[in-house]
file run.txt (compact mmCIF, N, CA and C atoms)
# COMPACT_ATOMS: atom_id res chain seq x y z
N MET A 782 -32.86 -28.04 54.06
CA MET A 782 -32.91 -28.38 52.66
C MET A 782 -34.37 -28.42 52.22
N HIS A 783 -34.63 -27.99 51.03
CA HIS A 783 -35.99 -28.00 50.48
C HIS A 783 -36.12 -29.13 49.47
N TYR A 784 -37.27 -29.77 49.49
CA TYR A 784 -37.56 -30.85 48.57
C TYR A 784 -38.89 -30.56 47.88
N PRO A 785 -38.87 -29.81 46.79
CA PRO A 785 -40.13 -29.54 46.09
C PRO A 785 -40.73 -30.84 45.57
N ILE A 786 -42.01 -31.01 45.80
CA ILE A 786 -42.69 -32.23 45.38
C ILE A 786 -43.88 -31.83 44.50
N ASN A 787 -43.88 -32.37 43.29
CA ASN A 787 -44.98 -32.12 42.37
C ASN A 787 -45.70 -33.39 41.94
N THR A 788 -45.12 -34.54 42.27
CA THR A 788 -45.73 -35.82 41.87
C THR A 788 -45.65 -36.81 43.03
N SER A 789 -46.48 -37.85 42.95
CA SER A 789 -46.43 -38.86 44.00
C SER A 789 -45.11 -39.64 43.94
N ALA A 790 -44.51 -39.76 42.77
CA ALA A 790 -43.21 -40.43 42.66
C ALA A 790 -42.15 -39.66 43.43
N GLN A 791 -42.20 -38.34 43.36
CA GLN A 791 -41.25 -37.52 44.11
C GLN A 791 -41.51 -37.65 45.61
N ALA A 792 -42.78 -37.71 46.01
CA ALA A 792 -43.11 -37.87 47.42
C ALA A 792 -42.59 -39.21 47.94
N ARG A 793 -42.74 -40.26 47.15
CA ARG A 793 -42.22 -41.57 47.55
C ARG A 793 -40.73 -41.49 47.84
N ALA A 794 -39.99 -40.89 46.92
CA ALA A 794 -38.53 -40.81 47.07
C ALA A 794 -38.14 -39.98 48.28
N VAL A 795 -38.81 -38.86 48.49
CA VAL A 795 -38.46 -37.97 49.61
C VAL A 795 -38.80 -38.61 50.95
N LEU A 796 -39.97 -39.22 51.06
CA LEU A 796 -40.35 -39.86 52.33
C LEU A 796 -39.36 -40.97 52.69
N ARG A 797 -39.02 -41.78 51.73
CA ARG A 797 -38.07 -42.87 51.98
C ARG A 797 -36.69 -42.31 52.34
N ALA A 798 -36.24 -41.29 51.61
CA ALA A 798 -34.93 -40.69 51.86
C ALA A 798 -34.87 -40.04 53.25
N LEU A 799 -35.94 -39.36 53.66
CA LEU A 799 -35.97 -38.75 55.00
C LEU A 799 -35.85 -39.81 56.08
N ARG A 800 -36.59 -40.90 55.92
CA ARG A 800 -36.53 -41.99 56.90
C ARG A 800 -35.13 -42.58 56.96
N GLN A 801 -34.58 -42.88 55.81
CA GLN A 801 -33.26 -43.49 55.76
C GLN A 801 -32.16 -42.55 56.28
N ALA A 802 -32.30 -41.26 56.00
CA ALA A 802 -31.32 -40.28 56.49
C ALA A 802 -31.32 -40.21 58.02
N ARG A 803 -32.46 -40.54 58.64
CA ARG A 803 -32.55 -40.55 60.11
C ARG A 803 -32.11 -41.89 60.68
N GLY A 804 -31.77 -42.83 59.78
CA GLY A 804 -31.33 -44.14 60.23
C GLY A 804 -32.43 -44.98 60.84
N LEU A 805 -33.66 -44.75 60.38
CA LEU A 805 -34.81 -45.47 60.94
C LEU A 805 -35.31 -46.52 59.96
N SER A 806 -35.72 -47.65 60.51
CA SER A 806 -36.36 -48.68 59.70
C SER A 806 -37.85 -48.39 59.62
N GLN A 807 -38.53 -49.07 58.72
CA GLN A 807 -39.99 -48.93 58.65
C GLN A 807 -40.63 -49.42 59.94
N VAL A 808 -40.06 -50.43 60.55
CA VAL A 808 -40.60 -50.94 61.82
C VAL A 808 -40.51 -49.86 62.89
N GLN A 809 -39.36 -49.20 62.99
CA GLN A 809 -39.18 -48.15 64.00
C GLN A 809 -40.14 -46.98 63.76
N VAL A 810 -40.28 -46.57 62.52
CA VAL A 810 -41.20 -45.47 62.21
C VAL A 810 -42.63 -45.88 62.54
N GLY A 811 -42.98 -47.10 62.21
CA GLY A 811 -44.32 -47.60 62.54
C GLY A 811 -44.59 -47.55 64.03
N GLN A 812 -43.61 -47.95 64.83
CA GLN A 812 -43.77 -47.91 66.29
C GLN A 812 -43.97 -46.48 66.76
N LEU A 813 -43.23 -45.54 66.20
CA LEU A 813 -43.36 -44.14 66.60
C LEU A 813 -44.70 -43.54 66.17
N LEU A 814 -45.19 -43.98 65.01
CA LEU A 814 -46.48 -43.48 64.51
C LEU A 814 -47.68 -44.24 65.07
N GLY A 815 -47.40 -45.42 65.64
CA GLY A 815 -48.50 -46.24 66.15
C GLY A 815 -49.18 -47.03 65.05
N VAL A 816 -48.42 -47.38 64.01
CA VAL A 816 -48.96 -48.19 62.92
C VAL A 816 -47.98 -49.33 62.65
N SER A 817 -48.39 -50.26 61.81
CA SER A 817 -47.53 -51.40 61.49
C SER A 817 -46.46 -51.02 60.46
N GLN A 818 -45.45 -51.88 60.36
CA GLN A 818 -44.41 -51.70 59.33
C GLN A 818 -45.05 -51.75 57.96
N LYS A 819 -46.03 -52.60 57.80
CA LYS A 819 -46.72 -52.73 56.51
C LYS A 819 -47.40 -51.42 56.12
N ARG A 820 -47.97 -50.73 57.10
CA ARG A 820 -48.62 -49.44 56.82
C ARG A 820 -47.59 -48.40 56.40
N VAL A 821 -46.44 -48.39 57.06
CA VAL A 821 -45.37 -47.44 56.68
C VAL A 821 -44.93 -47.73 55.25
N ALA A 822 -44.78 -48.99 54.91
CA ALA A 822 -44.40 -49.37 53.54
C ALA A 822 -45.43 -48.87 52.54
N ARG A 823 -46.71 -48.99 52.89
CA ARG A 823 -47.78 -48.51 51.99
C ARG A 823 -47.75 -46.99 51.85
N ILE A 824 -47.49 -46.28 52.95
CA ILE A 824 -47.41 -44.82 52.89
C ILE A 824 -46.27 -44.42 51.97
N GLU A 825 -45.12 -45.06 52.13
CA GLU A 825 -43.97 -44.72 51.30
C GLU A 825 -44.19 -45.08 49.83
N SER A 826 -44.88 -46.19 49.58
CA SER A 826 -45.06 -46.62 48.19
C SER A 826 -46.24 -45.95 47.50
N ALA A 827 -47.20 -45.48 48.26
CA ALA A 827 -48.40 -44.86 47.66
C ALA A 827 -48.85 -43.64 48.46
N PRO A 828 -48.01 -42.59 48.52
CA PRO A 828 -48.40 -41.41 49.28
C PRO A 828 -49.67 -40.73 48.73
N ASP A 829 -49.93 -40.95 47.45
CA ASP A 829 -51.13 -40.37 46.85
C ASP A 829 -52.41 -41.05 47.34
N ARG A 830 -52.26 -42.20 48.01
CA ARG A 830 -53.42 -42.91 48.56
C ARG A 830 -53.42 -42.88 50.08
N THR A 831 -52.67 -41.93 50.63
CA THR A 831 -52.52 -41.79 52.08
C THR A 831 -53.15 -40.47 52.51
N SER A 832 -53.77 -40.46 53.68
CA SER A 832 -54.39 -39.23 54.15
C SER A 832 -53.34 -38.14 54.38
N PHE A 833 -53.75 -36.92 54.16
CA PHE A 833 -52.86 -35.79 54.40
C PHE A 833 -52.40 -35.77 55.85
N ASP A 834 -53.30 -36.12 56.75
CA ASP A 834 -52.97 -36.16 58.16
C ASP A 834 -51.82 -37.13 58.43
N GLN A 835 -51.88 -38.31 57.84
CA GLN A 835 -50.82 -39.29 58.06
C GLN A 835 -49.50 -38.83 57.43
N ILE A 836 -49.58 -38.22 56.27
CA ILE A 836 -48.35 -37.70 55.62
C ILE A 836 -47.72 -36.64 56.50
N THR A 837 -48.51 -35.69 57.00
CA THR A 837 -47.93 -34.62 57.81
C THR A 837 -47.36 -35.16 59.11
N LYS A 838 -48.01 -36.15 59.71
CA LYS A 838 -47.48 -36.76 60.93
C LYS A 838 -46.14 -37.45 60.66
N LEU A 839 -46.07 -38.17 59.55
CA LEU A 839 -44.83 -38.85 59.19
C LEU A 839 -43.71 -37.85 58.92
N VAL A 840 -44.01 -36.82 58.16
CA VAL A 840 -43.00 -35.80 57.85
C VAL A 840 -42.50 -35.14 59.13
N ALA A 841 -43.41 -34.78 60.02
CA ALA A 841 -43.01 -34.15 61.29
C ALA A 841 -42.17 -35.10 62.13
N LEU A 842 -42.56 -36.35 62.17
CA LEU A 842 -41.80 -37.35 62.92
C LEU A 842 -40.37 -37.45 62.39
N LEU A 843 -40.21 -37.27 61.09
CA LEU A 843 -38.89 -37.37 60.47
C LEU A 843 -38.14 -36.05 60.49
N GLY A 844 -38.70 -35.06 61.19
CA GLY A 844 -38.00 -33.78 61.35
C GLY A 844 -38.24 -32.78 60.25
N GLY A 845 -39.25 -33.03 59.44
CA GLY A 845 -39.57 -32.11 58.35
C GLY A 845 -40.86 -31.37 58.61
N ARG A 846 -41.28 -30.62 57.62
CA ARG A 846 -42.58 -29.95 57.68
C ARG A 846 -43.12 -29.81 56.27
N VAL A 847 -44.42 -29.75 56.17
CA VAL A 847 -45.08 -29.60 54.88
C VAL A 847 -45.35 -28.11 54.67
N VAL A 848 -44.91 -27.61 53.52
CA VAL A 848 -45.11 -26.20 53.19
C VAL A 848 -45.80 -26.12 51.84
N ILE A 849 -46.83 -25.31 51.76
CA ILE A 849 -47.50 -25.08 50.49
C ILE A 849 -47.05 -23.72 50.00
N GLU A 850 -46.46 -23.71 48.83
CA GLU A 850 -45.90 -22.47 48.28
C GLU A 850 -46.75 -21.99 47.11
N ASP A 851 -47.11 -20.74 47.15
CA ASP A 851 -47.84 -20.12 46.06
C ASP A 851 -46.82 -19.69 45.02
N THR A 852 -46.64 -20.52 44.00
CA THR A 852 -45.60 -20.24 43.01
C THR A 852 -45.89 -18.99 42.19
N ASP A 853 -47.16 -18.63 42.04
CA ASP A 853 -47.48 -17.38 41.34
C ASP A 853 -46.96 -16.19 42.14
N GLN A 854 -47.13 -16.24 43.46
CA GLN A 854 -46.66 -15.15 44.30
C GLN A 854 -45.13 -15.07 44.29
N VAL A 855 -44.47 -16.21 44.32
CA VAL A 855 -43.01 -16.23 44.28
C VAL A 855 -42.52 -15.62 42.98
N ALA A 856 -43.18 -15.97 41.87
CA ALA A 856 -42.78 -15.43 40.57
C ALA A 856 -42.96 -13.92 40.52
N ARG A 857 -44.00 -13.41 41.17
CA ARG A 857 -44.25 -11.96 41.16
C ARG A 857 -43.20 -11.21 41.98
N LYS A 858 -42.61 -11.85 42.98
CA LYS A 858 -41.63 -11.19 43.84
C LYS A 858 -40.24 -11.13 43.22
N LYS A 859 -39.99 -11.99 42.23
CA LYS A 859 -38.66 -12.01 41.61
C LYS A 859 -38.47 -10.72 40.81
N PRO A 860 -37.29 -10.12 40.92
CA PRO A 860 -37.05 -8.91 40.13
C PRO A 860 -37.02 -9.25 38.65
N LYS A 861 -37.56 -8.35 37.86
CA LYS A 861 -37.57 -8.55 36.43
C LYS A 861 -36.17 -8.25 35.89
N PRO A 862 -35.75 -9.05 34.92
CA PRO A 862 -34.43 -8.78 34.35
C PRO A 862 -34.44 -7.42 33.65
N THR A 863 -33.35 -6.73 33.78
CA THR A 863 -33.23 -5.43 33.12
C THR A 863 -32.36 -5.59 31.91
N SER A 864 -32.72 -4.88 30.89
CA SER A 864 -31.90 -4.95 29.68
C SER A 864 -30.80 -3.88 29.76
N VAL A 865 -29.70 -4.23 29.22
CA VAL A 865 -28.57 -3.30 29.20
C VAL A 865 -28.48 -2.72 27.82
N GLY A 866 -28.57 -1.42 27.75
CA GLY A 866 -28.48 -0.77 26.45
C GLY A 866 -27.04 -0.44 26.09
N TRP A 867 -26.64 -0.78 24.89
CA TRP A 867 -25.26 -0.48 24.45
C TRP A 867 -25.28 0.59 23.42

call {"tool": "encode", "arguments": {"input": "run.txt", "output": "structure tokens"}}
result
Amino acid sequence: MHYPINTSAQARAVLRALRQARGLSQVQVGQLLGVSQKRVARIESAPDRTSFDQITKLVALLGGRVVIEDTDQVARKKPKPTSVGW
């Protein structure tokens, strides 16, 4: 499943949902990452104030991956609609 993220609010929701979908508590994730539960709570609540390294480690731990998509390139690959002449 893909979760496009354009805002920190979306990142908050996705990070929390990924953790919960794996049935993990913040304490368990903290133990796996080597950080406190409080740090996991801060990452989930303020991903915009978290290092990219920590975000990618958390996402990988939760079975995901970070992908950067060039939306301009995607738009160029889409076929242009054709008009039907009557």

call {"tool": "select_by_dssp", "arguments": {"input": "run.txt", "residues": "chain A", "states": "alpha helix (DSSP H)", "output": "number ranges by chain"}}
result
A: 789-802, 807-814, 818-826, 833-842, 852-858

call {"tool": "atom_distance", "arguments": {"input": "run.txt", "atom1": "atom N of A:Thr837", "atom2": "atom CA of A:Ile824"}}
result
10.1 Å

call {"tool": "atom_distance", "arguments": {"input": "run.txt", "atom1": "atom CA of A:Val816", "atom2": "atom N of A:Arg803"}}
result
18.7 Å

call {"tool": "atom_distance", "arguments": {"input": "run.txt", "atom1": "atom C of A:Arg793", "atom2": "atom C of A:Glu825"}}
result
5.4 Å

call {"tool": "closest_residue", "arguments": {"input": "run.txt", "among": "A:Ser826, A:Gln835, A:Gln809, A:Gln854", "to": "A:Arg797", "atoms": "all atoms listed in the file"}}
result
A:Ser826

call {"tool": "axis_aligned_box", "arguments": {"input": "run.txt", "around": "stretch 808-818 of chain A", "padding_each_side": "5 Å", "output": "JSON"}}
result
{"center_x": -44.2, "center_y": -47.7, "center_z": 62.4, "size_x": 20.0, "size_y": 18.4, "size_z": 18.8}

call {"tool": "closest_residue", "arguments": {"input": "run.txt", "among": "A:Gln791, A:Gln807, A:Tyr784, A:Arg800", "to": "A:Ala841", "atoms": "only C-alpha atoms"}}
result
A:Arg800

call {"tool": "closest_residue", "arguments": {"input": "run.txt", "among": "A:Met782, A:Leu796, A:Val808, A:Ala802", "to": "A:Val840", "atoms": "only N, CA and C atoms"}}
result
A:Leu796

call {"tool": "closest_residue", "arguments": {"input": "run.txt", "among": "A:Leu843, A:Asp829, A:Gln818, A:Val848", "to": "A:Thr788", "atoms": "only N, CA and C atoms"}}
result
A:Asp829
